[in-house]
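One structure below.
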Amino acid sequence: MVSDAFNKFVEITKRLRKDCPWDREQTHRSIRHSLIEEAYEVVDAIDLDAHDELRKELGDLLLHVVFHANIAEEKGEFTLEEVIDGITEKLIFRHPHIFGDAKVENAEHVKRNWEKLKLEEGRTSLMDGVPNELPALLRAHRLQEKASKVGFDWEKKEDVWKKVEEELREFQQATGRGAPGEIEEEFGDLLFGLVNYARTIGIDAENALRGTIRKFVRRFQYIERRLGERGRDIRSSTLAEMDELWEEAKGSG
């Protein structure tokens, strides 16, 4: 049963904290970076549709959740049971259409209620709750999405694109003036505008860029492999050779 497996797992993590010198030395901060890495490895497995890897990576992520709870319990901050009770209460509170009498028409209505209920939990701003540690494209998307829930949004996607074009002109003007600080600021505005336009047409900019990065890596590695087959090293190859193989890579997917 799941409960038996979970209880065994928790006991193992507690024994590690007690008996393993390395595990015993860890703190919330010392393994903070690993928690972020494990979350991204889960995302990678999802992107690759690798079910077996996803199972493994979810286990690694669960380890960090339980491990942080163990550390907190040792310090008298909170327990794993309190973590579980807290998320259980939150899920019930934020789903009144399931556990209460509220009525919803569709998924969008659910999302609007979700943001409203967050404010009732004590948050003072709609912008609260979007972690600073999120990748910038994803954070921009989430902040824009939250603002749109209260009507702070463009009415037509064509207007959003006009804003992108305006930001592009301002970026080009800034590059002409050559002021580094201004160029960076205007480039940021341009990226923010592009994320906003992507959102209005149903594209997640973070996912789109991740896909393009994977494609770039795949095609570049194709160039490396083909050059190797020719007995050539990429460091001594010409741009013309690499361009030829890049086009070849594009044809192969």
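By convention here, the chains of the structure tokens are called A, B, ... in the order presented, each chain's residues are numbered starting at 1, and ligands are numbered starting at 1 in the order presented.
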
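When the distance limit is 10 Å and only C-alpha atoms are what count, the residues near Ser34 of chain A, minus those fewer than 5 positions from it on the same chain, are Arg29, Ala39, Tyr40, Asp60, Leu61 and His64 of chain A.
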
For segment 56-59 of chain A: contacts at 7 Å, only C-alpha atoms, fewer than 5 positions along chain excluded, given as a ChimeraX atom specification: /A:38,41-42

All helix (DSSP H, G or I) positions in segment 149-214 of chain A, as a ChimeraX atom specification: /A:157-177,180-200,205-214

Output C-alpha atoms for every residue in the selection just made, as a compact mmCIF listing (two decimals), in the first residue's frame.
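The resulting file, selection.txt, is reproduced below:
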# COMPACT_ATOMS: atom_id res chain seq x y z
CA LYS A 157 -3.86 40.47 -29.50
CA GLU A 158 -3.19 42.86 -32.40
CA ASP A 159 -2.65 45.64 -29.86
CA VAL A 160 -0.18 43.47 -27.99
CA TRP A 161 1.79 42.96 -31.19
CA LYS A 162 1.82 46.72 -31.82
CA LYS A 163 3.40 47.07 -28.38
CA VAL A 164 6.05 44.49 -29.36
CA GLU A 165 6.83 46.52 -32.50
CA GLU A 166 7.05 49.69 -30.41
CA GLU A 167 9.49 48.01 -28.01
CA LEU A 168 11.56 46.75 -30.96
CA ARG A 169 11.86 50.30 -32.34
CA GLU A 170 12.90 51.60 -28.93
CA PHE A 171 15.50 48.83 -28.64
CA GLN A 172 16.90 49.64 -32.08
CA GLN A 173 17.06 53.35 -31.17
CA ALA A 174 18.87 52.49 -27.93
CA THR A 175 21.46 50.36 -29.77
CA GLY A 176 22.02 53.31 -32.09
CA ARG A 177 22.78 55.55 -29.13
CA PRO A 180 24.74 49.83 -22.42
CA GLY A 181 22.29 50.35 -19.55
CA GLU A 182 19.58 51.67 -21.84
CA ILE A 183 20.14 48.88 -24.38
CA GLU A 184 19.73 46.22 -21.70
CA GLU A 185 16.59 47.89 -20.33
CA GLU A 186 14.99 48.18 -23.77
CA PHE A 187 15.91 44.59 -24.60
CA GLY A 188 14.19 43.51 -21.38
CA ASP A 189 11.09 45.49 -22.39
CA LEU A 190 11.14 43.78 -25.79
CA LEU A 191 11.37 40.32 -24.22
CA PHE A 192 8.56 41.18 -21.81
CA GLY A 193 6.40 42.28 -24.73
CA LEU A 194 7.13 39.08 -26.66
CA VAL A 195 6.22 36.97 -23.62
CA ASN A 196 2.96 38.89 -23.34
CA TYR A 197 2.12 38.34 -27.00
CA ALA A 198 2.95 34.65 -26.69
CA ARG A 199 0.57 34.44 -23.73
CA THR A 200 -2.27 36.08 -25.67
CA ALA A 205 7.35 31.46 -23.86
CA GLU A 206 9.44 29.41 -21.43
CA ASN A 207 8.38 26.13 -23.03
CA ALA A 208 8.84 27.57 -26.52
CA LEU A 209 12.40 28.68 -25.78
CA ARG A 210 13.23 25.39 -24.08
CA GLY A 211 12.07 23.59 -27.23
CA THR A 212 14.22 25.82 -29.43
CA ILE A 213 17.23 25.24 -27.17
CA ARG A 214 16.77 21.47 -27.41

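Minimum distance to Leu117 of chain A across A:Leu134, A:Val10, A:Leu91, A:Val104 (counting only C-alpha atoms) occurs at A:Leu91.
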
Interatomic distance (Å, one decimal) between atom CA of Glu244 of chain A and atom CA of Arg226 of chain A: 10.8 Å

Shortest interatomic distance to Arg24 of chain A - which of A:Met242, A:Ile201, A:Ile87, A:Ile71, counting only C-alpha atoms: A:Ile71

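The residue that comes closest to Phe6 of chain A, out of A:Met127, A:Ile46, A:Val66, A:Leu143 and on the basis of only C-alpha atoms, is A:Val66.
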
Non-local contacts of Leu80 of chain A (12 Å; only C-alpha atoms; under 2 positions in same chain excluded) as a ChimeraX atom specification: /A:6-7,10-11,13-14,62,64-74,76-78,82-87

Atoms kept (C-alpha atoms) for selection, written as a compact mmCIF listing (two decimals), in the first residue's frame:
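The file below, selection_38.txt, is the result:
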# COMPACT_ATOMS: atom_id res chain seq x y z
CA PHE A 6 5.60 6.19 2.28
CA ASN A 7 6.10 5.48 5.99
CA VAL A 10 10.19 8.57 5.71
CA GLU A 11 11.84 6.30 8.27
CA THR A 13 15.26 9.49 5.44
CA LYS A 14 15.22 10.00 9.20
CA LEU A 62 9.96 13.73 -3.02
CA HIS A 64 13.89 16.73 -0.96
CA VAL A 65 10.38 17.54 0.25
CA VAL A 66 10.63 14.98 3.04
CA PHE A 67 14.24 15.87 3.85
CA HIS A 68 13.40 19.56 4.31
CA ALA A 69 10.48 18.59 6.54
CA ASN A 70 12.78 16.37 8.61
CA ILE A 71 15.26 19.21 9.08
CA ALA A 72 12.44 21.53 10.13
CA GLU A 73 11.08 18.97 12.60
CA GLU A 74 14.50 18.58 14.21
CA GLY A 76 11.10 22.49 16.10
CA GLU A 77 9.79 24.54 13.16
CA PHE A 78 7.13 22.20 11.74
CA GLU A 82 1.83 19.67 9.28
CA VAL A 83 3.10 20.08 5.70
CA ILE A 84 0.58 17.48 4.50
CA ASP A 85 -2.24 18.93 6.61
CA GLY A 86 -1.47 22.40 5.26
CA ILE A 87 -1.63 21.44 1.59
